[in-house]
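**Q** Let me begin by handing over the structure; questions about it come next.
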Protein chains: 2
Amino acid sequence: LILSLKPNMTENGLGHRERVLNVDTMNPNVKRIEYAVRGPIVQRAVQIEKELKEGVKKPFTEVIKANIGDAHAMGQKPITFFRQVIALCVYPDLLEDDKFPEDAKNRAWRILQACGGGSLGAYSASSGIEVIRQDVAKYIEKRDSGIPSNPDDIYLSTGASDAIVTMLKLLTSGEGKTRTGVMISIPQYPLYSAALAELAAVQISYYLDEDKCWSLDVSELRRAVKAAREHCNPRALCIINPGNPTGQVQNRQCIEDVIRFAAEEHLFLMADEVYQDNVYMEGCQFHSFKKVLFEMGSEYSSVVELASFHSTSKCYMGECGFRGGYMEVINMDPEVKLQLTKLVSVQLCPSITGQALLDLVVNPPQPDEPSYATFIKERTANLHILSEKAKMTEQVLNTIPGIHCNPVQGAMYTFPRLTLPEKAINAAKAPDMFYCMKLLEEMGICLVPGSGFGQRDGTYHFRMTILPATEKLKIVLEKIREFHKRFTEEFS
Amino acid sequence: LILSLKPNMTENGLGHRERVLNVDTMNPNVKRIEYAVRGPIVQRAVQIEKELKEGVKKPFTEVIKANIGDAHAMGQKPITFFRQVIALCVYPDLLEDDKFPEDAKNRAWRILQACGGGSLGAYSASSGIEVIRQDVAKYIEKRDSGIPSNPDDIYLSTGASDAIVTMLKLLTSGEGKTRTGVMISIPQYPLYSAALAELAAVQISYYLDEDKCWSLDVSELRRAVKAAREHCNPRALCIINPGNPTGQVQNRQCIEDVIRFAAEEHLFLMADEVYQDNVYMEGCQFHSFKKVLFEMGSEYSSVVELASFHSTSKCYMGECGFRGGYMEVINMDPEVKLQLTKLVSVQLCPSITGQALLDLVVNPPQPDEPSYATFIKERTANLHILSEKAKMTEQVLNTIPGIHCNPVQGAMYTFPRLTLPEKAINAAKAPDMFYCMKLLEEMGICLVPGSGFGQRDGTYHFRMTILPATEKLKIVLEKIREFHKRFTEEFS
Ligand SMILES: Cc1ncc(COP(=O)(O)O)c(C=O)c1O
Ligand SMILES: Cc1ncc(COP(=O)(O)O)c(C=O)c1O
């Protein structure tokens, strides 16, 4: 029996041995990843939906999902112009069709000219199609009141996720006490903690101030970085603005303070600005890190290293499925840029339909073009509805005894605080998970427990999106009210 | 001066310090990556194209790129049905249009029903849209003469690249002598070496036998794994079939031998089958690893762990830009599957247009459907042209003294061997790079040096695709003839 003589084999032959790849032998960094946005609650929600379809009786007839920032899944309609242009690019025979407006055709034609062989089916340069990178740079210049942007600093990506992970990857090095540490907010968007776990980089948590509308306080950054210097090498600071899961919008002063802090502490800045159009609250305004950095003068703008991220997934268009995105890098070492280009080359290129859609986002119809009026109408309507839902969510939640909700200044989420009865806290290992699971089972509402994003010890939250259609959102909020009351009584 | 007291700061303030992220501080694994398919030659080619546009005089009027497996970039036209369905999905108003055939509309409607909110703009489940995973499973069953495939074993991906990197990531663990080793062919497709460098896994090279049409000999696998066991933990074996860059197609016997070897040596098998439709040579046939594994009986099929990969980028459709792909995992530990699902969740989901396109690839028009005839005509024509170009490439190259070319049995490439004059070998550090760069500068032909894929020491090759349009391919081959002669004379 030759087989039984080989390494790793039992004498029973092939049949009775362990798998090559099992939970003991697999990548331990992958095991350490936690990812709640699609965790057990969401898996159970999918199961319940199947049960409902199969006719299983439940105290509700549908599951309403408010767990993920996915506007189209919640019924938001795509921007007509965007879809027209992409359809024309996909099937250029339509360029002959009079049903499509001229500006859509021109745009499609321009994108196709920039594609290899005039087809969306060709790979592009790994950093993205050059014309689109130029359009992105122009968009940034316009957004930032003329502060110049260089297409060579733009890297298109497969959603913002891809670019964020790529930047974290570049930044990770060292071992033990010299291992790269990356500062992320708590609560955070769990892509960050997941990527750091996978890279075995050190997560440095700084807490947002719930009592001050989830604002960021530089003294907390100081505390966190100081403590971290004891055991790792802090090298980057990640900011999400407007915030996920907390919905806050940073003011200009705060951004300046953060930039000054990054400069002092010699940290690479990563600004996640995928919600840049999602600002609802009066008095709040989106300020890009890039713009503030340059307005602070060359003492800062010539040295502070910054990567900022944008995506087609959020804002008024919500085109998550296209996986379009970009990052702009400022003051990046030219040699590192070459390394970055090489790194992204390995995966060939981002989806071309995603790149094309991004081009439309950064270069939408202009006032003199036929599609302008409709475009503005659709964009305004989408943002208006989001703004109304943001207000409604805050208002209704704050009328529920035992729930406190900060204003939803921007983004698409709220992260309200729950007062839970002692008995529930003592009964469950993860009280907010227990709460959310019960809410799902009893009410058919799918939220994500606060623990998935991080929260101060002894506090409990859930994250909920404001995305369900207005009528559904009302139902969600009323069901939460009913459930929270019942839950509180049950465990009192 | 508070600033000068902070760590990492010089007394000159912010201006004179090192960057946070520079080549000394960046991720050393990323630095170790080599990626020639888009390396210096290709970058120079892009530059030359710009120079030509600007009117710079060259001994040629256009650069012909035969460096990358990108059919559409080289003029291949998309499959009409595929693009019709995707256009309908992107812009569903077109469902009212009589210009589109009914089967295309039905297909689009079916895909949209499976999308969140009926829109390509919603995220899908991270492993892909369920209906599409079911269609993939059916496709595999049909391809493999009825051997069952389970949709729960299918993970859709962003091109095959994404899934391959994900599998390698899962497999990587250990330190020093227990570090995961992965066997890859030499020559190889450099995604593999790049991913292993990035993961700091150990590359175990096994050589394909150039004298036997680049076939794989199990005794070479034995040699390689035995040597590797001295310094790492060999855990996976990667096979590309049909081969890139070598164009060979493995026979059934060889695949059986490989499977037996993997079983004996307790290795996880990774079968890269993205060229499964690209078989040109009479007597050659594509055999999937999955099918052969199951035909070998349950002694093997119940234990050997296998992941196989497919893509929308190659075959007859060549839709690289859509970044569609899937992997099927066989005998994967259920707990590892949960970990895999979690891992892919972090990046949310593959592009939905890519998923939709994949659905059409695995579920093309059927004989009773209106689009069938055109579909078959287009598919057959594309494969026929590729087949002719494969033959022509081999034949012409073999008439050039100093070039030896194995038959292009499949895939889209040839990796001919160059006899280079001693003087050239001694003059250049990388003789094949020198050769290819000169070929580019003098002839405007863009190929990739063999060193980018690996080759036996002291041998020299280039990789060239068979994708340029027939007339261009003829020019490429004649220019290589002229250049090789001149090069040989110059250095003799
Ligand atoms: C803060 C933040 N960053 C990045 C992303 C990633 O989005 P995508 O990869 O779809 O662009 C999200 C998605 O929800 C997000 O909320
Ligand atoms: C052997 C092989 N595997 C995988 C890929 C990746 O292709 P994609 O990511 O476009 O599916 C390629 C691309 O050329 C390839 O040649």
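Identifiers for the structure tokens are assigned positionally: chains receive A, B, ... in sequence, residues are indexed from 1 per chain, and ligands are indexed from 1 in the order shown.
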As an mmCIF file with all heavy atoms, in the first residue's frame, could you give me every residue of chain B near chain A (at most 6 Å apart, counting only C-alpha atoms)?
**A**
data_model
loop_
_atom_site.group_PDB
_atom_site.id
_atom_site.type_symbol
_atom_site.label_atom_id
_atom_site.label_comp_id
_atom_site.auth_asym_id
_atom_site.auth_seq_id
_atom_site.Cartn_x
_atom_site.Cartn_y
_atom_site.Cartn_z
ATOM 1 N N LEU B 3 4.905 71.436 17.962
ATOM 2 C CA LEU B 3 5.141 70.510 16.857
ATOM 3 C C LEU B 3 6.459 69.772 16.975
ATOM 4 O O LEU B 3 6.529 68.573 16.751
ATOM 5 C CB LEU B 3 5.111 71.246 15.516
ATOM 6 C CG LEU B 3 3.737 71.704 15.021
ATOM 7 C CD1 LEU B 3 3.864 72.309 13.648
ATOM 8 C CD2 LEU B 3 2.778 70.527 15.002
ATOM 9 N N ASN B 22 6.500 55.325 2.734
ATOM 10 C CA ASN B 22 7.510 55.373 1.679
ATOM 11 C C ASN B 22 7.991 53.950 1.416
ATOM 12 O O ASN B 22 7.519 53.007 2.058
ATOM 13 C CB ASN B 22 8.655 56.321 2.076
ATOM 14 C CG ASN B 22 9.326 55.884 3.368
ATOM 15 O OD1 ASN B 22 9.676 54.711 3.528
ATOM 16 N ND2 ASN B 22 9.501 56.812 4.296
ATOM 17 N N VAL B 23 8.891 53.792 0.469
ATOM 18 C CA VAL B 23 9.264 52.418 0.112
ATOM 19 C C VAL B 23 9.942 51.673 1.250
ATOM 20 O O VAL B 23 9.975 50.439 1.237
ATOM 21 C CB VAL B 23 10.168 52.329 -1.141
ATOM 22 C CG1 VAL B 23 9.307 52.314 -2.396
ATOM 23 C CG2 VAL B 23 11.179 53.422 -1.175
ATOM 24 N N MET B 26 6.644 50.846 3.660
ATOM 25 C CA MET B 26 5.443 50.199 3.121
ATOM 26 C C MET B 26 5.488 48.676 3.317
ATOM 27 O O MET B 26 6.521 48.113 3.690
ATOM 28 C CB MET B 26 5.274 50.520 1.637
ATOM 29 C CG MET B 26 6.319 49.882 0.761
ATOM 30 S SD MET B 26 6.010 50.141 -1.007
ATOM 31 C CE MET B 26 4.741 48.896 -1.308
ATOM 32 N N ASN B 27 4.374 48.063 3.057
ATOM 33 C CA ASN B 27 4.231 46.615 3.174
ATOM 34 C C ASN B 27 5.296 45.892 2.333
ATOM 35 O O ASN B 27 5.306 45.995 1.113
ATOM 36 C CB ASN B 27 2.828 46.247 2.670
ATOM 37 C CG ASN B 27 2.473 44.802 2.928
ATOM 38 O OD1 ASN B 27 3.349 43.927 2.886
ATOM 39 N ND2 ASN B 27 1.205 44.544 3.187
ATOM 40 N N ASP B 70 -6.871 39.811 -23.965
ATOM 41 C CA ASP B 70 -8.000 40.737 -23.950
ATOM 42 C C ASP B 70 -8.583 40.786 -25.357
ATOM 43 O O ASP B 70 -8.207 41.603 -26.198
ATOM 44 C CB ASP B 70 -7.470 42.105 -23.508
ATOM 45 C CG ASP B 70 -8.573 43.118 -23.284
ATOM 46 O OD1 ASP B 70 -9.719 42.874 -23.709
ATOM 47 O OD2 ASP B 70 -8.285 44.161 -22.672
ATOM 48 N N HIS B 72 -11.563 41.583 -26.725
ATOM 49 C CA HIS B 72 -12.286 42.743 -27.246
ATOM 50 C C HIS B 72 -11.339 43.880 -27.596
ATOM 51 O O HIS B 72 -11.549 44.581 -28.585
ATOM 52 C CB HIS B 72 -13.328 43.222 -26.238
ATOM 53 C CG HIS B 72 -14.518 42.327 -26.149
ATOM 54 N ND1 HIS B 72 -15.759 42.755 -25.788
ATOM 55 C CD2 HIS B 72 -14.649 40.998 -26.374
ATOM 56 C CE1 HIS B 72 -16.612 41.741 -25.795
ATOM 57 N NE2 HIS B 72 -15.957 40.667 -26.129
ATOM 58 N N ALA B 73 -10.311 44.057 -26.789
ATOM 59 C CA ALA B 73 -9.343 45.121 -27.091
ATOM 60 C C ALA B 73 -8.713 44.884 -28.450
ATOM 61 O O ALA B 73 -8.303 45.817 -29.137
ATOM 62 C CB ALA B 73 -8.270 45.186 -26.005
ATOM 63 N N GLY B 75 -10.300 43.625 -30.974
ATOM 64 C CA GLY B 75 -11.301 43.740 -32.035
ATOM 65 C C GLY B 75 -12.371 42.663 -32.055
ATOM 66 O O GLY B 75 -13.304 42.729 -32.864
ATOM 67 N N ARG B 83 -25.132 41.000 -24.775
ATOM 68 C CA ARG B 83 -25.220 42.443 -24.600
ATOM 69 C C ARG B 83 -26.662 42.936 -24.605
ATOM 70 O O ARG B 83 -27.014 43.885 -23.895
ATOM 71 C CB ARG B 83 -24.399 43.137 -25.678
ATOM 72 C CG ARG B 83 -22.892 42.881 -25.566
ATOM 73 C CD ARG B 83 -22.368 43.296 -24.197
ATOM 74 N NE ARG B 83 -20.919 43.308 -24.169
ATOM 75 C CZ ARG B 83 -20.165 44.375 -24.473
ATOM 76 N NH1 ARG B 83 -20.738 45.508 -24.816
ATOM 77 N NH2 ARG B 83 -18.848 44.298 -24.417
ATOM 78 N N ALA B 87 -28.172 45.020 -21.529
ATOM 79 C CA ALA B 87 -28.753 46.348 -21.768
ATOM 80 C C ALA B 87 -30.186 46.406 -21.227
ATOM 81 O O ALA B 87 -30.593 47.393 -20.606
ATOM 82 C CB ALA B 87 -28.731 46.685 -23.253
ATOM 83 N N VAL B 90 -30.002 46.733 -17.521
ATOM 84 C CA VAL B 90 -29.531 48.051 -17.091
ATOM 85 C C VAL B 90 -30.646 49.080 -17.213
ATOM 86 O O VAL B 90 -30.836 49.919 -16.330
ATOM 87 C CB VAL B 90 -28.318 48.495 -17.950
ATOM 88 C CG1 VAL B 90 -28.006 49.975 -17.732
ATOM 89 C CG2 VAL B 90 -27.093 47.642 -17.629
ATOM 90 N N TYR B 91 -31.383 48.999 -18.291
ATOM 91 C CA TYR B 91 -32.402 50.019 -18.579
ATOM 92 C C TYR B 91 -33.704 49.314 -18.945
ATOM 93 O O TYR B 91 -34.049 49.160 -20.114
ATOM 94 C CB TYR B 91 -31.905 50.907 -19.722
ATOM 95 C CG TYR B 91 -32.759 52.129 -19.958
ATOM 96 C CD1 TYR B 91 -33.047 53.012 -18.911
ATOM 97 C CD2 TYR B 91 -33.285 52.416 -21.215
ATOM 98 C CE1 TYR B 91 -33.835 54.132 -19.115
ATOM 99 C CE2 TYR B 91 -34.071 53.541 -21.435
ATOM 100 C CZ TYR B 91 -34.342 54.391 -20.380
ATOM 101 O OH TYR B 91 -35.117 55.506 -20.586
ATOM 102 N N GLY B 116 -32.120 42.542 -5.778
ATOM 103 C CA GLY B 116 -32.788 43.328 -4.747
ATOM 104 C C GLY B 116 -33.505 44.510 -5.386
ATOM 105 O O GLY B 116 -32.905 45.241 -6.176
ATOM 106 N N GLY B 117 -34.793 44.692 -5.060
ATOM 107 C CA GLY B 117 -35.546 45.800 -5.624
ATOM 108 C C GLY B 117 -35.671 45.744 -7.137
ATOM 109 O O GLY B 117 -35.954 46.756 -7.769
ATOM 110 N N LEU B 120 -30.229 46.188 -10.936
ATOM 111 C CA LEU B 120 -28.805 45.849 -10.944
ATOM 112 C C LEU B 120 -28.024 46.713 -9.951
ATOM 113 O O LEU B 120 -26.865 46.457 -9.694
ATOM 114 C CB LEU B 120 -28.203 46.100 -12.332
ATOM 115 C CG LEU B 120 -28.592 45.206 -13.507
ATOM 116 C CD1 LEU B 120 -27.684 45.510 -14.694
ATOM 117 C CD2 LEU B 120 -28.489 43.728 -13.149
ATOM 118 N N GLY B 121 -28.681 47.735 -9.435
ATOM 119 C CA GLY B 121 -28.000 48.667 -8.532
ATOM 120 C C GLY B 121 -28.002 48.238 -7.079
ATOM 121 O O GLY B 121 -27.447 48.929 -6.240
ATOM 122 N N ALA B 122 -28.633 47.102 -6.762
ATOM 123 C CA ALA B 122 -28.613 46.612 -5.377
ATOM 124 C C ALA B 122 -27.427 45.675 -5.175
ATOM 125 O O ALA B 122 -26.997 45.000 -6.111
ATOM 126 C CB ALA B 122 -29.916 45.885 -5.062
ATOM 127 N N TYR B 123 -26.881 45.656 -3.966
ATOM 128 C CA TYR B 123 -25.914 44.619 -3.611
ATOM 129 C C TYR B 123 -26.623 43.262 -3.689
ATOM 130 O O TYR B 123 -27.824 43.163 -3.447
ATOM 131 C CB TYR B 123 -25.427 44.788 -2.165
ATOM 132 C CG TYR B 123 -24.600 46.001 -1.842
ATOM 133 C CD1 TYR B 123 -25.002 46.885 -0.838
ATOM 134 C CD2 TYR B 123 -23.376 46.245 -2.462
ATOM 135 C CE1 TYR B 123 -24.230 47.990 -0.480
ATOM 136 C CE2 TYR B 123 -22.594 47.349 -2.111
ATOM 137 C CZ TYR B 123 -23.027 48.214 -1.121
ATOM 138 O OH TYR B 123 -22.261 49.300 -0.771
ATOM 139 N N SER B 161 -9.747 36.081 -11.008
ATOM 140 C CA SER B 161 -8.637 36.574 -10.179
ATOM 141 C C SER B 161 -9.033 36.654 -8.710
ATOM 142 O O SER B 161 -8.312 36.201 -7.822
ATOM 143 C CB SER B 161 -8.216 37.978 -10.617
ATOM 144 O OG SER B 161 -7.964 38.037 -11.987
ATOM 145 N N LEU B 170 -7.279 31.903 2.083
ATOM 146 C CA LEU B 170 -7.801 30.945 3.067
ATOM 147 C C LEU B 170 -6.755 29.904 3.427
ATOM 148 O O LEU B 170 -6.669 29.447 4.571
ATOM 149 C CB LEU B 170 -9.019 30.211 2.501
ATOM 150 C CG LEU B 170 -10.371 30.885 2.589
ATOM 151 C CD1 LEU B 170 -11.435 29.969 2.002
ATOM 152 C CD2 LEU B 170 -10.708 31.228 4.030
ATOM 153 N N LEU B 171 -5.964 29.516 2.448
ATOM 154 C CA LEU B 171 -5.022 28.407 2.631
ATOM 155 C C LEU B 171 -3.743 28.810 3.345
ATOM 156 O O LEU B 171 -2.944 27.942 3.720
ATOM 157 C CB LEU B 171 -4.658 27.815 1.259
ATOM 158 C CG LEU B 171 -5.697 26.871 0.636
ATOM 159 C CD1 LEU B 171 -5.515 26.778 -0.876
ATOM 160 C CD2 LEU B 171 -5.586 25.469 1.264
ATOM 161 N N THR B 172 -3.516 30.085 3.500
ATOM 162 C CA THR B 172 -2.216 30.530 4.016
ATOM 163 C C THR B 172 -2.203 30.616 5.538
ATOM 164 O O THR B 172 -3.035 31.282 6.139
ATOM 165 C CB THR B 172 -1.855 31.903 3.408
ATOM 166 O OG1 THR B 172 -1.804 31.763 1.987
ATOM 167 C CG2 THR B 172 -0.511 32.377 3.926
ATOM 168 N N SER B 173 -1.242 29.920 6.130
ATOM 169 C CA SER B 173 -1.077 29.990 7.586
ATOM 170 C C SER B 173 0.322 29.516 7.948
ATOM 171 O O SER B 173 1.124 29.203 7.072
ATOM 172 C CB SER B 173 -2.142 29.121 8.281
ATOM 173 O OG SER B 173 -1.911 27.758 7.975
ATOM 174 N N LEU B 191 -0.461 36.094 -11.759
ATOM 175 C CA LEU B 191 -1.378 36.307 -10.646
ATOM 176 C C LEU B 191 -0.995 35.419 -9.468
ATOM 177 O O LEU B 191 -1.057 35.833 -8.303
ATOM 178 C CB LEU B 191 -2.806 35.965 -11.085
ATOM 179 C CG LEU B 191 -3.865 35.812 -9.983
ATOM 180 C CD1 LEU B 191 -4.139 37.143 -9.310
ATOM 181 C CD2 LEU B 191 -5.167 35.249 -10.541
ATOM 182 N N GLU B 264 -2.396 11.677 -2.481
ATOM 183 C CA GLU B 264 -1.277 11.071 -1.758
ATOM 184 C C GLU B 264 -0.523 12.089 -0.912
ATOM 185 O O GLU B 264 -0.135 11.812 0.212
ATOM 186 C CB GLU B 264 -0.277 10.460 -2.760
ATOM 187 C CG GLU B 264 -0.779 9.219 -3.450
ATOM 188 C CD GLU B 264 0.149 8.836 -4.603
ATOM 189 O OE1 GLU B 264 1.309 9.303 -4.631
ATOM 190 O OE2 GLU B 264 -0.311 8.070 -5.464
ATOM 191 N N GLU B 319 -15.328 38.583 -22.377
ATOM 192 C CA GLU B 319 -15.864 39.789 -21.733
ATOM 193 C C GLU B 319 -15.063 40.121 -20.471
ATOM 194 O O GLU B 319 -15.566 40.066 -19.343
ATOM 195 C CB GLU B 319 -17.352 39.592 -21.402
ATOM 196 C CG GLU B 319 -18.249 39.507 -22.623
ATOM 197 C CD GLU B 319 -18.646 40.875 -23.187
ATOM 198 O OE1 GLU B 319 -18.010 41.887 -22.831
ATOM 199 O OE2 GLU B 319 -19.597 40.909 -23.995
ATOM 200 N N CYS B 320 -13.830 40.525 -20.655
ATOM 201 C CA CYS B 320 -12.922 40.814 -19.534
ATOM 202 C C CYS B 320 -13.425 41.955 -18.657
ATOM 203 O O CYS B 320 -13.309 41.923 -17.439
ATOM 204 C CB CYS B 320 -11.556 41.212 -20.069
ATOM 205 S SG CYS B 320 -10.806 40.019 -21.177
ATOM 206 N N GLY B 321 -13.959 42.988 -19.309
ATOM 207 C CA GLY B 321 -14.306 44.206 -18.580
ATOM 208 C C GLY B 321 -15.430 44.027 -17.585
ATOM 209 O O GLY B 321 -15.597 44.842 -16.685
ATOM 210 N N PHE B 322 -16.209 42.959 -17.732
ATOM 211 C CA PHE B 322 -17.347 42.770 -16.839
ATOM 212 C C PHE B 322 -16.953 42.153 -15.500
ATOM 213 O O PHE B 322 -17.726 42.147 -14.567
ATOM 214 C CB PHE B 322 -18.435 41.927 -17.509
ATOM 215 C CG PHE B 322 -19.280 42.729 -18.447
ATOM 216 C CD1 PHE B 322 -18.807 43.060 -19.706
ATOM 217 C CD2 PHE B 322 -20.524 43.203 -18.061
ATOM 218 C CE1 PHE B 322 -19.575 43.838 -20.572
ATOM 219 C CE2 PHE B 322 -21.293 43.970 -18.910
ATOM 220 C CZ PHE B 322 -20.813 44.287 -20.170
ATOM 221 N N ARG B 323 -15.749 41.602 -15.440
ATOM 222 C CA ARG B 323 -15.233 41.038 -14.180
ATOM 223 C C ARG B 323 -16.213 40.021 -13.580
ATOM 224 O O ARG B 323 -16.493 40.040 -12.373
ATOM 225 C CB ARG B 323 -14.917 42.136 -13.152
ATOM 226 C CG ARG B 323 -14.136 43.344 -13.650
ATOM 227 C CD ARG B 323 -12.825 43.070 -14.377
ATOM 228 N NE ARG B 323 -11.786 42.475 -13.576
ATOM 229 C CZ ARG B 323 -11.246 41.279 -13.852
ATOM 230 N NH1 ARG B 323 -11.655 40.536 -14.858
ATOM 231 N NH2 ARG B 323 -10.284 40.822 -13.103
ATOM 232 N N ASP B 333 -14.520 21.832 3.906
ATOM 233 C CA ASP B 333 -14.988 21.772 5.280
ATOM 234 C C ASP B 333 -16.128 22.789 5.479
ATOM 235 O O ASP B 333 -15.968 23.969 5.154
ATOM 236 C CB ASP B 333 -13.787 22.128 6.180
ATOM 237 C CG ASP B 333 -14.105 21.986 7.652
ATOM 238 O OD1 ASP B 333 -15.136 22.523 8.097
ATOM 239 O OD2 ASP B 333 -13.318 21.352 8.352
ATOM 240 N N VAL B 336 -15.172 25.897 7.192
ATOM 241 C CA VAL B 336 -14.355 26.778 6.353
ATOM 242 C C VAL B 336 -15.249 27.521 5.364
ATOM 243 O O VAL B 336 -15.029 28.700 5.067
ATOM 244 C CB VAL B 336 -13.250 25.988 5.615
ATOM 245 C CG1 VAL B 336 -12.500 26.884 4.632
ATOM 246 C CG2 VAL B 336 -12.277 25.369 6.614
ATOM 247 N N VAL B 346 -17.027 40.871 3.370
ATOM 248 C CA VAL B 346 -16.376 42.140 3.712
ATOM 249 C C VAL B 346 -16.370 43.081 2.511
ATOM 250 O O VAL B 346 -16.506 44.294 2.648
ATOM 251 C CB VAL B 346 -14.952 41.890 4.237
ATOM 252 C CG1 VAL B 346 -14.235 43.193 4.491
ATOM 253 C CG2 VAL B 346 -14.996 41.044 5.506
ATOM 254 N N GLN B 347 -16.220 42.493 1.314
ATOM 255 C CA GLN B 347 -16.208 43.336 0.107
ATOM 256 C C GLN B 347 -17.610 43.446 -0.507
ATOM 257 O O GLN B 347 -17.758 43.857 -1.647
ATOM 258 C CB GLN B 347 -15.221 42.773 -0.922
ATOM 259 C CG GLN B 347 -13.780 42.783 -0.437
ATOM 260 C CD GLN B 347 -12.989 43.969 -0.967
ATOM 261 O OE1 GLN B 347 -13.519 44.856 -1.615
ATOM 262 N NE2 GLN B 347 -11.693 43.980 -0.699
ATOM 263 N N SER B 351 -19.564 42.606 -8.783
ATOM 264 C CA SER B 351 -20.357 43.447 -9.681
ATOM 265 C C SER B 351 -21.578 42.691 -10.202
ATOM 266 O O SER B 351 -21.471 41.549 -10.654
ATOM 267 C CB SER B 351 -19.470 43.868 -10.853
ATOM 268 O OG SER B 351 -20.225 44.029 -12.023
ATOM 269 N N ILE B 352 -22.740 43.330 -10.148
ATOM 270 C CA ILE B 352 -23.968 42.643 -10.568
ATOM 271 C C ILE B 352 -24.010 42.491 -12.090
ATOM 272 O O ILE B 352 -24.525 41.496 -12.603
ATOM 273 C CB ILE B 352 -25.225 43.369 -10.052
ATOM 274 C CG1 ILE B 352 -25.139 43.580 -8.537
ATOM 275 C CG2 ILE B 352 -26.487 42.584 -10.401
ATOM 276 C CD1 ILE B 352 -25.171 42.333 -7.707
#
**Q** Identify, on the basis of only C-alpha atoms, every residue whose closest approach to Ser145 (chain B) does not exceed 12 Å; exclude the query and any residue fewer than 3 positions from it along the same chain; express the result as JSON, numbers by chain.
**A** {"B": [138, 139, 140, 141, 142, 148, 149, 287, 288, 290, 291, 292, 294, 295]}
**Q** If you measure from CA of Lys474 (chain B) to CA of Asn278 (chain B), what distance in Å do you get, rounded to one decimal?
**A** 20.7 Å
**Q** Please extract the residues of region 390-470 of chain A with a backbone DSSP assignment of strand (DSSP E) and present them as a PyMOL selection string.
**A** chain A and resi 403-404+413-414+417-418+445-446+448-449+460-465
**Q** Keeping C-alpha atoms, export the residues of the selection given above as a PDB file, in the first residue's frame.
**A**
ATOM      1  CA  ILE A 403     -34.368  54.930  23.127  1.00  0.00           C
ATOM      2  CA  HIS A 404     -32.168  57.929  22.510  1.00  0.00           C
ATOM      3  CA  TYR A 413     -28.068  55.546   9.248  1.00  0.00           C
ATOM      4  CA  THR A 414     -28.914  56.094  12.832  1.00  0.00           C
ATOM      5  CA  ARG A 417     -28.868  54.085  22.218  1.00  0.00           C
ATOM      6  CA  LEU A 418     -31.017  51.565  24.032  1.00  0.00           C
ATOM      7  CA  ILE A 445     -37.572  43.912  11.365  1.00  0.00           C
ATOM      8  CA  CYS A 446     -33.934  43.327  10.450  1.00  0.00           C
ATOM      9  CA  VAL A 448     -27.771  45.165  13.122  1.00  0.00           C
ATOM     10  CA  PRO A 449     -26.744  45.124  16.798  1.00  0.00           C
ATOM     11  CA  TYR A 460     -26.224  49.167  23.747  1.00  0.00           C
ATOM     12  CA  HIS A 461     -27.313  50.313  20.319  1.00  0.00           C
ATOM     13  CA  PHE A 462     -28.619  49.109  17.051  1.00  0.00           C
ATOM     14  CA  ARG A 463     -27.886  50.444  13.620  1.00  0.00           C
ATOM     15  CA  MET A 464     -30.770  51.052  11.345  1.00  0.00           C
ATOM     16  CA  THR A 465     -30.809  52.534   7.863  1.00  0.00           C
TER      17      THR A 465
END
**Q** Need the shell around Gln250 (chain B): protein/DNA/RNA residues with any atom at most 9 Å away, counting only C-alpha atoms. Skip same-chain ones fewer than 5 positions apart. Format as an MDAnalysis selection string?
**A** chainID B and resid 215:216 241:243 255 284:287
**Q** What does the file look like for those residues with N, CA and C atoms, as a short mmCIF file (atom, residue, chain, number, x, y, z; two decimals), in the first residue's frame?
**A**
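And here is the file that came out, selection31.cif:
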data_model
loop_
_atom_site.label_atom_id
_atom_site.label_comp_id
_atom_site.auth_asym_id
_atom_site.auth_seq_id
_atom_site.Cartn_x
_atom_site.Cartn_y
_atom_site.Cartn_z
N SER B 215 3.77 19.62 -21.26
CA SER B 215 2.90 18.77 -20.45
C SER B 215 3.43 18.71 -19.02
N LEU B 216 2.56 18.18 -18.15
CA LEU B 216 2.87 18.13 -16.74
C LEU B 216 3.25 16.69 -16.40
N ASN B 241 -5.39 24.86 -16.76
CA ASN B 241 -5.68 23.99 -17.90
C ASN B 241 -6.97 24.41 -18.58
N PRO B 242 -6.94 24.71 -19.89
CA PRO B 242 -5.78 24.90 -20.76
C PRO B 242 -4.83 25.98 -20.21
N GLY B 243 -3.58 25.86 -20.64
CA GLY B 243 -2.52 26.61 -19.97
C GLY B 243 -2.28 28.02 -20.45
N ILE B 255 -4.52 14.32 -15.83
CA ILE B 255 -5.36 14.88 -14.76
C ILE B 255 -5.57 13.84 -13.66
N CYS B 284 -7.24 16.91 -28.91
CA CYS B 284 -7.26 17.49 -27.55
C CYS B 284 -8.71 17.74 -27.15
N GLN B 285 -8.94 17.67 -25.87
CA GLN B 285 -10.29 17.88 -25.36
C GLN B 285 -10.16 18.44 -23.96
N PHE B 286 -11.12 19.26 -23.56
CA PHE B 286 -11.08 19.77 -22.19
C PHE B 286 -11.72 18.76 -21.26
N HIS B 287 -11.01 18.40 -20.19
CA HIS B 287 -11.57 17.57 -19.12
C HIS B 287 -11.53 18.38 -17.85
#
